[in-house]
$ cat my_file09.cif   # mmCIF, C-alpha atoms (C1' of nucleotides)
data_model
#
loop_
_atom_site.label_atom_id
_atom_site.label_comp_id
_atom_site.auth_asym_id
_atom_site.auth_seq_id
_atom_site.Cartn_x
_atom_site.Cartn_y
_atom_site.Cartn_z
CA MET A 5 0.00 0.00 0.00
CA LYS A 6 2.88 2.31 0.70
CA LYS A 7 4.84 4.05 -2.01
CA LYS A 8 8.55 3.61 -2.28
CA VAL A 9 10.32 6.27 -0.31
CA GLN A 10 13.26 7.11 -2.52
CA ASP A 11 11.56 9.25 -5.15
CA LEU A 12 8.02 10.49 -5.25
CA SER A 13 5.96 9.62 -8.27
CA THR A 14 4.95 12.43 -10.57
CA GLU A 15 1.43 12.23 -9.23
CA GLU A 16 2.68 12.58 -5.66
CA LYS A 17 5.00 15.42 -6.55
CA ILE A 18 2.13 17.39 -8.02
CA LYS A 19 -0.12 16.74 -5.04
CA GLU A 20 2.59 17.74 -2.60
CA ALA A 21 3.27 21.00 -4.44
CA ALA A 22 -0.46 21.68 -4.72
CA ARG A 23 -0.97 21.12 -1.01
CA LYS A 24 1.80 23.53 -0.20
CA ILE A 25 0.68 26.35 -2.47
CA PHE A 26 -3.07 26.01 -2.07
CA THR A 27 -2.68 26.00 1.70
CA LYS A 28 -0.53 29.08 1.64
CA LYS A 29 -2.31 31.18 -0.94
CA GLY A 30 -5.84 29.84 -1.19
CA TYR A 31 -7.66 28.60 -4.27
CA ALA A 32 -8.14 31.75 -6.31
CA ALA A 33 -4.63 33.12 -5.85
CA THR A 34 -2.98 29.85 -6.85
CA ARG A 35 -2.17 29.33 -10.53
CA THR A 36 -1.76 25.89 -11.97
CA ARG A 37 1.54 27.17 -13.38
CA ASP A 38 2.78 27.77 -9.85
CA ILE A 39 2.02 24.20 -8.92
CA ALA A 40 3.70 22.85 -12.04
CA GLU A 41 6.80 24.91 -11.39
CA GLU A 42 6.96 24.02 -7.70
CA SER A 43 6.71 20.32 -8.46
CA GLY A 44 9.18 20.58 -11.35
CA ILE A 45 6.83 19.00 -13.86
CA ASN A 46 5.00 20.12 -16.94
CA LEU A 47 1.77 22.03 -16.77
CA ALA A 48 -0.06 19.56 -18.96
CA LEU A 49 0.61 16.75 -16.54
CA LEU A 50 -1.47 18.41 -13.89
CA ASN A 51 -4.55 17.98 -16.02
CA TYR A 52 -3.45 14.55 -17.13
CA TYR A 53 -3.41 13.28 -13.56
CA PHE A 54 -6.12 15.36 -11.90
CA ARG A 55 -8.44 16.49 -14.69
CA SER A 56 -8.69 20.08 -13.43
CA LYS A 57 -7.47 22.62 -10.93
CA GLU A 58 -10.72 22.26 -9.02
CA LYS A 59 -10.51 18.47 -8.69
CA LEU A 60 -6.95 18.76 -7.45
CA PHE A 61 -8.01 21.39 -4.97
CA GLU A 62 -10.84 19.30 -3.57
CA LEU A 63 -8.41 16.50 -2.94
CA VAL A 64 -6.02 18.74 -1.05
CA MET A 65 -8.87 20.42 0.77
CA LEU A 66 -10.27 17.14 2.05
CA GLU A 67 -6.88 16.01 3.27
CA ASN A 68 -6.17 19.33 4.98
CA PHE A 69 -9.56 19.46 6.57
CA GLY A 70 -9.16 15.89 7.68
CA ALA A 71 -5.85 16.71 9.31
CA PHE A 72 -7.50 19.57 11.11
CA ILE A 73 -10.23 17.58 12.80
CA SER A 74 -9.08 13.97 12.41
CA ASN A 75 -7.74 12.66 15.67
CA VAL A 76 -9.75 15.21 17.59
CA LYS A 77 -12.80 13.04 17.04
CA GLU A 78 -11.13 10.23 18.92
CA LEU A 79 -9.72 12.50 21.59
CA VAL A 80 -13.07 14.05 22.49
CA ASN A 81 -14.90 10.73 22.49
CA ASN A 82 -12.44 8.66 24.47
CA THR A 83 -14.46 7.48 27.44
CA GLU A 84 -11.34 6.38 29.25
CA THR A 85 -9.85 9.82 29.77
CA SER A 86 -10.82 12.40 32.36
CA LEU A 87 -11.87 15.92 31.46
CA GLU A 88 -8.46 17.19 32.53
CA GLN A 89 -6.68 14.68 30.32
CA LYS A 90 -8.89 15.47 27.34
CA ILE A 91 -8.08 19.16 27.59
CA GLU A 92 -4.38 18.40 27.78
CA ASN A 93 -4.57 16.02 24.83
CA ILE A 94 -6.54 18.37 22.59
CA VAL A 95 -4.28 21.33 23.27
CA GLU A 96 -1.13 19.32 22.74
CA PHE A 97 -2.43 17.71 19.57
CA TYR A 98 -3.40 21.00 17.96
CA ILE A 99 -0.25 22.87 18.94
CA ASN A 100 1.93 20.06 17.62
CA GLN A 101 -0.02 20.06 14.35
CA LEU A 102 0.13 23.82 14.01
CA LEU A 103 3.83 24.11 14.74
CA VAL A 104 4.40 21.94 11.66
CA ASN A 105 1.66 23.42 9.54
CA PRO A 106 0.80 26.93 10.72
CA ASP A 107 -1.10 27.88 7.57
CA LEU A 108 -3.75 25.24 8.15
CA PRO A 109 -6.29 27.18 10.25
CA LEU A 110 -6.55 30.12 7.92
CA PHE A 111 -6.82 27.81 4.93
CA VAL A 112 -9.55 25.71 6.49
CA MET A 113 -11.54 28.69 7.73
CA ASN A 114 -11.30 30.42 4.37
CA GLU A 115 -12.39 27.54 2.28
CA ILE A 116 -15.19 26.67 4.67
CA ARG A 117 -16.66 30.05 3.96
CA SER A 118 -16.67 29.62 0.21
CA ASN A 119 -17.28 25.90 0.14
CA SER A 120 -19.60 25.07 2.97
CA LYS A 121 -21.26 22.09 1.31
CA LEU A 122 -18.23 19.86 1.47
CA LEU A 123 -17.69 20.03 5.19
CA LYS A 124 -21.19 18.91 6.03
CA THR A 125 -20.23 15.42 5.02
CA LYS A 126 -16.98 15.55 6.96
CA ILE A 127 -18.21 17.00 10.20
CA ASN A 128 -21.52 17.29 11.98
CA LYS A 129 -22.65 18.71 15.24
CA ASP A 130 -22.78 15.33 16.93
CA ILE A 131 -19.00 15.00 16.76
CA PHE A 132 -18.68 17.75 19.30
CA LEU A 133 -22.12 18.31 20.80
CA LYS A 134 -22.77 14.71 21.77
CA SER A 135 -19.15 14.02 22.54
CA HIS A 136 -17.94 12.64 25.82
CA PHE A 137 -15.95 15.85 26.19
CA ILE A 138 -19.04 18.08 26.17
CA GLN A 139 -20.80 15.71 28.57
CA GLN A 140 -17.92 15.95 31.00
CA LEU A 141 -17.84 19.71 30.59
CA SER A 142 -21.57 19.99 31.31
CA ALA A 143 -21.26 17.83 34.39
CA GLN A 144 -18.40 19.91 35.72
CA LEU A 145 -20.26 23.17 35.09
CA LYS A 146 -23.30 21.83 36.94
CA LYS A 147 -21.07 20.83 39.82
CA GLN A 148 -19.79 24.41 39.86
CA GLY A 149 -23.33 25.71 40.05
CA LYS A 150 -23.04 27.01 36.50
CA GLY A 151 -25.49 24.66 34.85
CA ASP A 152 -26.92 27.58 32.90
CA VAL A 153 -23.66 28.31 31.06
CA ASN A 154 -23.46 26.72 27.62
CA PRO A 155 -20.45 24.35 27.57
CA VAL A 156 -19.76 25.47 24.01
CA HIS A 157 -18.23 28.60 25.56
CA TYR A 158 -15.44 26.48 26.96
CA LEU A 159 -14.89 24.71 23.67
CA MET A 160 -14.49 28.16 22.11
CA ASN A 161 -12.05 29.11 24.83
CA VAL A 162 -9.85 26.08 24.30
CA LEU A 163 -9.83 26.52 20.52
CA GLY A 164 -9.37 30.26 20.74
CA MET A 165 -6.46 30.09 23.13
CA THR A 166 -4.85 27.29 21.16
CA ILE A 167 -5.39 28.23 17.52
CA MET A 168 -5.60 32.02 17.57
CA PRO A 169 -1.91 32.59 18.31
CA PHE A 170 -1.06 30.77 15.09
CA ILE A 171 -3.49 32.86 13.09
CA ILE A 172 -2.02 36.11 14.36
CA GLY A 173 1.48 34.63 14.49
CA PRO A 174 2.71 36.20 11.24
CA LEU A 175 1.52 39.58 12.48
CA ILE A 176 3.16 39.13 15.87
CA ILE A 177 6.46 38.27 14.23
CA GLU A 178 6.20 40.84 11.46
CA ILE A 179 5.78 43.75 13.84
CA GLY A 180 8.60 42.44 16.01
CA MET A 181 6.53 41.73 19.07
CA LEU A 182 8.21 38.32 19.23
CA LYS A 183 11.11 36.89 17.26
CA PRO A 184 10.40 33.61 15.44
CA GLN A 185 12.26 31.61 18.08
CA GLU A 186 10.45 33.39 20.88
CA PHE A 187 7.14 32.71 19.22
CA GLU A 188 7.88 29.02 18.99
CA LYS A 189 9.03 28.98 22.60
CA ALA A 190 5.80 30.69 23.63
CA MET A 191 3.77 28.05 21.79
CA MET A 192 5.62 25.30 23.62
CA GLU A 193 4.85 27.04 26.89
CA ARG A 194 1.20 27.24 25.97
CA LYS A 195 0.96 23.46 25.76
CA LYS A 196 1.32 23.48 29.53
CA LEU A 197 -0.29 26.83 30.29
CA ILE A 198 -3.60 26.51 28.44
CA PRO A 199 -4.70 23.34 30.29
CA ILE A 200 -3.81 25.02 33.59
CA TRP A 201 -5.84 28.08 32.69
CA ILE A 202 -8.85 26.08 31.54
CA LYS A 203 -8.73 23.95 34.68
CA THR A 204 -8.66 27.09 36.77
CA LEU A 205 -11.76 28.38 35.01
CA LEU A 206 -13.50 25.06 35.59
CA GLN A 207 -12.31 24.86 39.20
CA LEU A 208 -10.68 21.55 38.46
CA LYS A 209 -7.96 20.29 40.76
CA MET B 25 -17.25 67.20 5.28
CA LYS B 26 -20.15 64.78 5.31
CA LYS B 27 -21.92 63.55 2.19
CA LYS B 28 -25.64 63.90 1.78
CA VAL B 29 -27.40 60.86 3.13
CA GLN B 30 -30.19 60.37 0.62
CA ASP B 31 -28.28 58.76 -2.21
CA LEU B 32 -24.68 57.67 -2.30
CA SER B 33 -22.51 59.09 -5.02
CA THR B 34 -21.26 56.73 -7.68
CA GLU B 35 -17.84 56.80 -6.11
CA GLU B 36 -19.27 55.83 -2.73
CA LYS B 37 -21.43 53.10 -4.23
CA ILE B 38 -18.39 51.47 -5.81
CA LYS B 39 -16.36 51.72 -2.63
CA GLU B 40 -19.18 50.24 -0.57
CA ALA B 41 -19.59 47.30 -2.94
CA ALA B 42 -15.84 46.79 -3.10
CA ARG B 43 -15.56 46.76 0.67
CA LYS B 44 -18.29 44.17 0.90
CA ILE B 45 -16.93 41.78 -1.73
CA PHE B 46 -13.21 42.18 -1.02
CA THR B 47 -13.85 41.55 2.67
CA LYS B 48 -15.90 38.48 1.96
CA LYS B 49 -13.88 36.87 -0.82
CA GLY B 50 -10.40 38.33 -0.59
CA TYR B 51 -8.44 40.11 -3.29
CA ALA B 52 -7.70 37.34 -5.77
CA ALA B 53 -11.18 35.82 -5.78
CA THR B 54 -12.87 39.15 -6.36
CA ARG B 55 -13.50 40.21 -9.95
CA THR B 56 -13.93 43.85 -10.85
CA ARG B 57 -17.06 42.76 -12.69
CA ASP B 58 -18.52 41.52 -9.38
CA ILE B 59 -17.94 44.90 -7.81
CA ALA B 60 -19.49 46.69 -10.76
CA GLU B 61 -22.57 44.49 -10.65
CA GLU B 62 -22.95 44.73 -6.87
CA SER B 63 -22.82 48.50 -6.99
CA GLY B 64 -25.13 48.68 -9.99
CA ILE B 65 -22.70 50.68 -12.07
CA ASN B 66 -20.62 50.12 -15.14
CA LEU B 67 -17.33 48.30 -15.11
CA ALA B 68 -15.52 51.19 -16.78
CA LEU B 69 -16.43 53.54 -13.96
CA LEU B 70 -14.43 51.53 -11.51
CA ASN B 71 -11.26 52.41 -13.37
CA TYR B 72 -12.47 55.95 -13.98
CA TYR B 73 -12.73 56.60 -10.25
CA PHE B 74 -10.06 54.37 -8.78
CA ARG B 75 -7.53 53.78 -11.59
CA SER B 76 -7.19 50.04 -10.90
CA LYS B 77 -8.45 47.08 -8.91
CA GLU B 78 -5.34 47.25 -6.78
CA LYS B 79 -5.71 50.91 -5.86
CA LEU B 80 -9.32 50.31 -4.90
CA PHE B 81 -8.30 47.35 -2.79
CA GLU B 82 -5.63 49.27 -0.92
CA LEU B 83 -8.19 51.87 -0.02
CA VAL B 84 -10.61 49.28 1.35
CA MET B 85 -7.83 47.37 3.04
CA LEU B 86 -6.58 50.41 4.91
CA GLU B 87 -10.05 51.29 6.08
CA ASN B 88 -10.79 47.72 7.18
CA PHE B 89 -7.49 47.35 8.93
CA GLY B 90 -7.95 50.71 10.51
CA ALA B 91 -11.32 49.65 11.87
CA PHE B 92 -9.76 46.53 13.26
CA ILE B 93 -7.09 48.19 15.37
CA SER B 94 -8.10 51.84 15.52
CA ASN B 95 -9.74 52.52 18.81
CA VAL B 96 -7.84 49.70 20.41
CA LYS B 97 -4.77 51.92 20.42
CA GLU B 98 -6.59 54.38 22.61
CA LEU B 99 -8.13 51.72 24.80
CA VAL B 100 -4.82 50.03 25.64
CA ASN B 101 -3.02 53.30 26.26
CA ASN B 102 -5.58 55.04 28.39
CA THR B 103 -3.72 55.71 31.63
CA GLU B 104 -6.95 56.55 33.42
CA THR B 105 -8.44 53.06 33.31
CA SER B 106 -7.60 50.09 35.51
CA LEU B 107 -6.48 46.74 34.10
CA GLU B 108 -9.94 45.34 34.75
CA GLN B 109 -11.60 48.17 32.91
CA LYS B 110 -9.24 47.88 29.96
CA ILE B 111 -10.04 44.20 29.56
CA GLU B 112 -13.75 44.93 29.67
CA ASN B 113 -13.41 47.75 27.17
CA ILE B 114 -11.30 45.80 24.70
CA VAL B 115 -13.57 42.76 24.74
CA GLU B 116 -16.69 44.83 24.38
CA PHE B 117 -15.24 46.94 21.59
CA TYR B 118 -14.15 43.94 19.53
CA ILE B 119 -17.34 41.96 20.02
CA ASN B 120 -19.45 44.94 19.03
CA GLN B 121 -17.32 45.46 15.93
CA LEU B 122 -17.43 41.81 14.99
CA LEU B 123 -21.16 41.40 15.43
CA VAL B 124 -21.57 44.03 12.72
CA ASN B 125 -18.69 42.89 10.55
CA PRO B 126 -17.87 39.22 11.21
CA ASP B 127 -15.77 38.79 8.05
CA LEU B 128 -13.20 41.30 9.20
CA PRO B 129 -10.76 39.05 11.11
CA LEU B 130 -10.32 36.54 8.34
CA PHE B 131 -9.90 39.30 5.78
CA VAL B 132 -7.29 41.11 7.83
CA MET B 133 -5.35 37.95 8.63
CA ASN B 134 -5.39 36.83 5.02
CA GLU B 135 -4.21 40.05 3.53
CA ILE B 136 -1.55 40.46 6.18
CA ARG B 137 -0.04 37.22 4.97
CA SER B 138 0.17 38.28 1.35
CA ASN B 139 0.75 41.97 1.90
CA SER B 140 2.86 42.35 4.99
CA LYS B 141 4.57 45.55 3.91
CA LEU B 142 1.52 47.71 4.26
CA LEU B 143 0.75 46.92 7.84
CA LYS B 144 4.17 47.88 9.08
CA THR B 145 3.24 51.49 8.57
CA LYS B 146 -0.10 51.04 10.30
CA ILE B 147 0.97 49.07 13.31
CA ASN B 148 4.17 48.50 15.21
CA LYS B 149 5.15 46.57 18.25
CA ASP B 150 5.17 49.63 20.48
CA ILE B 151 1.42 49.99 20.16
CA PHE B 152 0.99 46.87 22.20
CA LEU B 153 4.34 46.07 23.78
CA LYS B 154 4.91 49.47 25.33
CA SER B 155 1.25 50.05 26.01
CA HIS B 156 -0.13 50.88 29.40
CA PHE B 157 -2.13 47.66 29.16
CA ILE B 158 0.98 45.47 28.94
CA GLN B 159 2.59 47.41 31.77
CA GLN B 160 -0.41 46.80 33.97
CA LEU B 161 -0.44 43.13 32.96
CA SER B 162 3.24 42.73 33.84
CA ALA B 163 2.74 44.38 37.19
CA GLN B 164 -0.17 42.12 38.02
CA LEU B 165 1.75 38.99 36.99
CA LYS B 166 4.66 40.02 39.16
CA LYS B 167 2.27 40.55 42.06
CA GLN B 168 1.00 37.01 41.45
CA GLY B 169 4.56 35.70 41.62
CA LYS B 170 4.46 34.97 37.90
CA GLY B 171 6.98 37.55 36.79
CA ASP B 172 8.53 34.98 34.48
CA VAL B 173 5.40 34.55 32.37
CA ASN B 174 5.35 36.66 29.21
CA PRO B 175 2.36 39.01 29.38
CA VAL B 176 1.88 38.48 25.66
CA HIS B 177 0.27 35.17 26.60
CA TYR B 178 -2.60 37.04 28.18
CA LEU B 179 -2.96 39.31 25.19
CA MET B 180 -3.27 36.16 23.06
CA ASN B 181 -5.86 34.80 25.47
CA VAL B 182 -8.04 37.89 25.31
CA LEU B 183 -7.83 38.06 21.52
CA GLY B 184 -8.30 34.32 21.10
CA MET B 185 -11.34 34.12 23.33
CA THR B 186 -12.84 37.22 21.73
CA ILE B 187 -12.09 36.88 18.05
CA MET B 188 -11.86 33.12 17.48
CA PRO B 189 -15.58 32.44 17.92
CA PHE B 190 -16.28 34.77 15.01
CA ILE B 191 -13.73 33.03 12.83
CA ILE B 192 -15.25 29.62 13.46
CA GLY B 193 -18.76 31.09 13.64
CA PRO B 194 -19.78 30.06 10.10
CA LEU B 195 -18.66 26.51 10.86
CA ILE B 196 -20.50 26.41 14.17
CA ILE B 197 -23.70 27.57 12.51
CA GLU B 198 -23.27 25.47 9.38
CA ILE B 199 -23.00 22.20 11.28
CA GLY B 200 -25.95 23.15 13.45
CA MET B 201 -24.05 23.37 16.70
CA LEU B 202 -25.73 26.71 17.33
CA LYS B 203 -28.53 28.46 15.47
CA PRO B 204 -27.71 31.98 14.24
CA GLN B 205 -29.73 33.55 17.07
CA GLU B 206 -28.09 31.31 19.64
CA PHE B 207 -24.68 32.24 18.30
CA GLU B 208 -25.43 35.92 18.62
CA LYS B 209 -26.78 35.40 22.12
CA ALA B 210 -23.60 33.51 23.05
CA MET B 211 -21.49 36.39 21.78
CA MET B 212 -23.44 38.83 23.90
CA GLU B 213 -22.85 36.59 26.89
CA ARG B 214 -19.15 36.52 26.16
CA LYS B 215 -18.92 40.29 26.56
CA LYS B 216 -19.50 39.66 30.26
CA LEU B 217 -17.90 36.23 30.56
CA ILE B 218 -14.50 36.83 28.98
CA PRO B 219 -13.52 39.64 31.37
CA ILE B 220 -14.60 37.47 34.29
CA TRP B 221 -12.48 34.56 33.03
CA ILE B 222 -9.43 36.73 32.39
CA LYS B 223 -9.74 38.33 35.81
CA THR B 224 -9.91 34.89 37.36
CA LEU B 225 -6.71 33.88 35.61
CA LEU B 226 -5.03 37.06 36.81
CA GLN B 227 -6.43 36.67 40.32
CA LEU B 228 -8.00 40.07 40.03
CA LYS B 229 -10.88 40.99 42.34
"C1'" DG C 12 3.79 9.35 -19.55
"C1'" DT C 13 5.70 13.60 -20.89
"C1'" DC C 14 6.32 17.36 -23.71
"C1'" DT C 15 5.17 21.74 -27.01
"C1'" DA C 16 1.87 24.45 -29.00
"C1'" DT C 17 -2.41 26.36 -28.95
"C1'" DA C 18 -7.25 26.70 -28.23
"C1'" DA C 19 -10.88 28.61 -25.17
"C1'" DA C 20 -12.35 31.33 -21.61
"C1'" DG C 21 -11.73 34.79 -18.21
"C1'" DT C 22 -10.30 39.26 -16.52
"C1'" DG C 23 -8.34 44.07 -15.91
"C1'" DA C 24 -8.15 48.07 -18.31
"C1'" DT C 25 -9.05 51.65 -21.98
"C1'" DA C 26 -10.81 54.11 -26.27
"C1'" DG C 27 -14.27 56.65 -27.84
"C1'" DA C 28 -19.31 57.77 -28.46
"C1'" DC C 29 -22.86 60.06 -25.98
"C1'" DG D 25 -19.83 61.20 -15.83
"C1'" DT D 26 -21.50 57.16 -17.90
"C1'" DC D 27 -21.92 53.83 -21.25
"C1'" DT D 28 -20.60 50.02 -25.06
"C1'" DA D 29 -17.22 47.75 -27.37
"C1'" DT D 30 -12.94 45.97 -27.46
"C1'" DC D 31 -8.03 45.32 -26.57
"C1'" DA D 32 -4.28 43.05 -24.16
"C1'" DC D 33 -3.00 39.82 -21.30
"C1'" DT D 34 -3.44 35.86 -18.18
"C1'" DT D 35 -4.84 31.39 -17.08
"C1'" DT D 36 -7.02 26.86 -17.49
"C1'" DA D 37 -7.37 23.12 -20.32
"C1'" DT D 38 -6.54 20.16 -24.40
"C1'" DA D 39 -4.70 18.34 -28.95
"C1'" DG D 40 -1.23 16.00 -30.86
"C1'" DA D 41 3.80 14.80 -31.51
"C1'" DC D 42 7.23 11.99 -29.34
#

$ encode --input "my_file09.cif" --output "structure tokens"
Amino acid sequence: MKKKVQDLSTEEKIKEAARKIFTKKGYAATRTRDIAEESGINLALLNYYFRSKEKLFELVMLENFGAFISNVKELVNNTETSLEQKIENIVEFYINQLLVNPDLPLFVMNEIRSNSKLLKTKINKDIFLKSHFIQQLSAQLKKQGKGDVNPVHYLMNVLGMTIMPFIIGPLIIEIGMLKPQEFEKAMMERKKLIPIWIKTLLQLK
Amino acid sequence: MKKKVQDLSTEEKIKEAARKIFTKKGYAATRTRDIAEESGINLALLNYYFRSKEKLFELVMLENFGAFISNVKELVNNTETSLEQKIENIVEFYINQLLVNPDLPLFVMNEIRSNSKLLKTKINKDIFLKSHFIQQLSAQLKKQGKGDVNPVHYLMNVLGMTIMPFIIGPLIIEIGMLKPQEFEKAMMERKKLIPIWIKTLLQLK
DNA sequence: GTCTATAAAGTGATAGAC
DNA sequence: GTCTATCACTTTATAGAC
């Protein structure tokens, strides 16, 4: 099932280049010529292998979107882990992903806006709303005497604290607020800090 | 200085339409023909008034970006307000802005990535780093015995908690996690909740 | 499978009539 | 100022040779 490692096939080379450029620049701003050049192949081969720019994009899109929510499904529905552990796992998973691929959030959010049909098949409210994670959150809020607060607020808090720094990262670095190394260091710190903060808000431990 | 209200001038109509479409779709995905149609005028007039698509975009971009950080400068540098009050003011200002113009964050973040020169003139690290807000944050962290924690973390937290829900808003609504009215209600709630959460983390009051 | 050449369509911009 | 028609160029996609 696995391709040989030594050299990527032409098909793979194109897909890899497409992933890189689409993710960075978005659909409209990417030219098929850019992809051909980046992958070192001929423009005609793109259409030979993938029929059209749009088909190629959909492929990349699905893979990117998958990467963005993939393992999270399992993390939030693992009935073996405590609420504390889930928070730690989710934060660590996302930050690790985003350190490698910081352009992902903006790409996903952008293409969701212009392409909302496709995600309906990939994600639905049950993934999060009926997840073990939300159940645990609700229980904890009730225990705190905050049964009237929608647990979705805390999901937003975790995602906001975790993902937002990567979205504004280029700005933070560009204006010199943090140097690239300092930014990365701060993100590593946040793996530990965010769970502590969220636990504080939930009066856990 | 102010234009008559009754009917917008052709120039204003074009700018209004451009703002709307550029903000929603980004630069590359926007066609000058879309703008012309949206504003109900002729394509040639766009170039007559604004010379080129790019000039028109820069105008819109500057205004949008201005709206995004404008008053924040004053809020974070007001030496008359306490740390608590600043947090409340910043959160309320952003949420009010974003309820009216939810596409703004994604637009700004996108165009920053492809156009980073322009923002250097509009924003610099001193606005935030040397702000009264950061000074107050540092002082409070020191008081907490957390003088080693970079106050920028808390800036990220406020922005993440405040802005992120609007970025993932379309997704939240699309998958049915919240209905549009529920989402708006949740955002109103967050005006009160976020300051409370941040104060808790800072052991304020 | 891979290339060159070119068709076909799209898009920003302008000339020129009114 | 506003319009129609059209140019000039870019970009996606394909035909056809190798």

$ resolve_selection --input "my_file09.cif" --expression "the PyMOL selection byres ((chain C) within 9 of (chain A))" --output "JSON list (two decimals) with C-alpha atoms (C1' of nucleotides), keeping the file's coordinate frame"
[["chain", "number", "residue", "atom", "x", "y", "z"],
["C", 12, "DG", "C1'", 3.79, 9.35, -19.55],
["C", 13, "DT", "C1'", 5.70, 13.60, -20.89],
["C", 14, "DC", "C1'", 6.32, 17.36, -23.71]]

$ atom_distance --input "my_file09.cif" --atom1 "atom CA of Lys229 of chain B" --atom2 "atom CA of Val156 of chain A"
25.6 Å

$ atom_distance --input "my_file09.cif" --atom1 "atom CA of Asn154 of chain A" --atom2 "atom CA of Val96 of chain B"
28.7 Å

$ resolve_selection --input "my_file09.cif" --expression "the PyMOL selection byres ((chain D and resi 31) around 8)" --output "list in words"
DT25 of chain C; DT30 and DA32 of chain D

$ interface_residues --input "my_file09.cif" --of "chain B" --to "chain A" --cutoff "7 Å" --atoms "only C-alpha atoms" --output "PyMOL selection string"
chain B and resi 52-53+133+137+144+148-149+153+180-181+184-185+188-189+192+194+199-201+221+225

$ interface_residues --input "my_file09.cif" --of "chain D" --to "chain B" --cutoff "12 Å" --atoms "all atoms listed in the file" --output "ChimeraX atom specification"
/D:25-29

$ write_last_selection --input "my_file09.cif" --atoms "C-alpha atoms (C1' of nucleotides)" --output "PDB file, keeping the file's coordinate frame"
ATOM      1  C1'  DG D  25     -19.830  61.200 -15.830  1.00  0.00           C
ATOM      2  C1'  DT D  26     -21.500  57.160 -17.900  1.00  0.00           C
ATOM      3  C1'  DC D  27     -21.920  53.830 -21.250  1.00  0.00           C
ATOM      4  C1'  DT D  28     -20.600  50.020 -25.060  1.00  0.00           C
ATOM      5  C1'  DA D  29     -17.220  47.750 -27.370  1.00  0.00           C
TER       6       DA D  29
END

$ resolve_selection --input "my_file09.cif" --expression "the PyMOL selection byres ((chain C and resi 20) around 10)" --output "list in words"
DA18, DA19, DG21 and DT22 of chain C; DT35, DT36 and DA37 of chain D

$ residues_near_point --input "my_file09.cif" --point "(-3.3, 44.6, 29.6)" --cutoff "7 Å" --atoms "all atoms listed in the file" --output "list in words"
Val100, Leu107, Lys110, Ile111, Phe157, Ile158, Gln159, Gln160, Leu161 and Leu179 of chain B

$ atom_distance --input "my_file09.cif" --atom1 "atom CA of Leu70 of chain B" --atom2 "atom CA of Ile93 of chain B"
28.1 Å

$ residues_around --input "my_file09.cif" --residues "Gln148 of chain A" --least-positions-apart "5" --cutoff "10 Å" --atoms "only C-alpha atoms (C1' of nucleotides)" --output "JSON, numbers by chain"
{"A": [142, 143, 206, 207, 208]}

$ closest_residue --input "my_file09.cif" --among "A:Ser56, A:Asp38, A:Gln185, A:Met65" --to "DT38 of chain D" --atoms "all atoms listed in the file"
A:Ser56

$ residues_around --input "my_file09.cif" --residues "Ala71 of chain A" --least-positions-apart "5" --cutoff "9 Å" --atoms "all atoms listed in the file" --output "PDB file with C-alpha atoms, in the coordinates of the input"
ATOM      1  CA  LEU A  66     -10.270  17.140   2.050  1.00  0.00           C
ATOM      2  CA  GLN A 101      -0.020  20.060  14.350  1.00  0.00           C
ATOM      3  CA  LEU A 108      -3.750  25.240   8.150  1.00  0.00           C
TER       4      LEU A 108
END

$ decode --input "my_file09.cif" --residues "segment 29-35 of chain D" --atoms "N, CA, C and O atoms (P, O5', C5', C4', C3', O3' and C1' of nucleotides)" --output "CSV table (one decimal), in the first residue's frame"
chain,number,residue,atom,x,y,z
D,29,DA,P,-22.3,47.2,-27.5
D,29,DA,O5',-20.8,47.3,-27.9
D,29,DA,C5',-20.4,48.5,-28.6
D,29,DA,C4',-18.9,48.4,-28.9
D,29,DA,C3',-18.4,47.0,-29.3
D,29,DA,O3',-17.6,47.1,-30.4
D,29,DA,C1',-17.2,47.8,-27.4
D,30,DT,P,-16.9,45.7,-31.1
D,30,DT,O5',-15.4,45.8,-30.5
D,30,DT,C5',-14.8,47.1,-30.3
D,30,DT,C4',-13.5,46.9,-29.5
D,30,DT,C3',-12.8,45.6,-29.8
D,30,DT,O3',-11.5,45.9,-30.1
D,30,DT,C1',-12.9,46.0,-27.5
D,31,DC,P,-10.5,44.7,-30.7
D,31,DC,O5',-9.1,45.2,-30.2
D,31,DC,C5',-8.9,46.5,-29.8
D,31,DC,C4',-8.0,46.6,-28.5
D,31,DC,C3',-6.8,45.6,-28.6
D,31,DC,O3',-5.6,46.3,-28.2
D,31,DC,C1',-8.0,45.3,-26.6
D,32,DA,P,-4.2,45.7,-28.6
D,32,DA,O5',-3.8,45.1,-27.1
D,32,DA,C5',-3.8,46.0,-26.0
D,32,DA,C4',-3.4,45.1,-24.8
D,32,DA,C3',-2.3,44.1,-25.0
D,32,DA,O3',-1.4,44.1,-24.0
D,32,DA,C1',-4.3,43.0,-24.2
D,33,DC,P,0.0,43.3,-24.1
D,33,DC,O5',-0.3,42.2,-22.9
D,33,DC,C5',-0.8,42.7,-21.7
D,33,DC,C4',-1.5,41.5,-21.0
D,33,DC,C3',-0.7,40.2,-20.9
D,33,DC,O3',-0.2,40.1,-19.6
D,33,DC,C1',-3.0,39.8,-21.3
D,34,DT,P,0.7,38.9,-19.2
D,34,DT,O5',-0.3,38.0,-18.4
D,34,DT,C5',-1.3,38.6,-17.6
D,34,DT,C4',-2.3,37.6,-17.1
D,34,DT,C3',-1.7,36.3,-16.6
D,34,DT,O3',-2.3,36.0,-15.3
D,34,DT,C1',-3.4,35.9,-18.2
D,35,DT,P,-1.8,34.8,-14.4
D,35,DT,O5',-2.7,33.6,-14.8
D,35,DT,C5',-4.1,33.8,-14.6
D,35,DT,C4',-4.9,32.6,-15.1
D,35,DT,C3',-4.2,31.2,-14.8
D,35,DT,O3',-5.1,30.4,-14.2
D,35,DT,C1',-4.8,31.4,-17.1
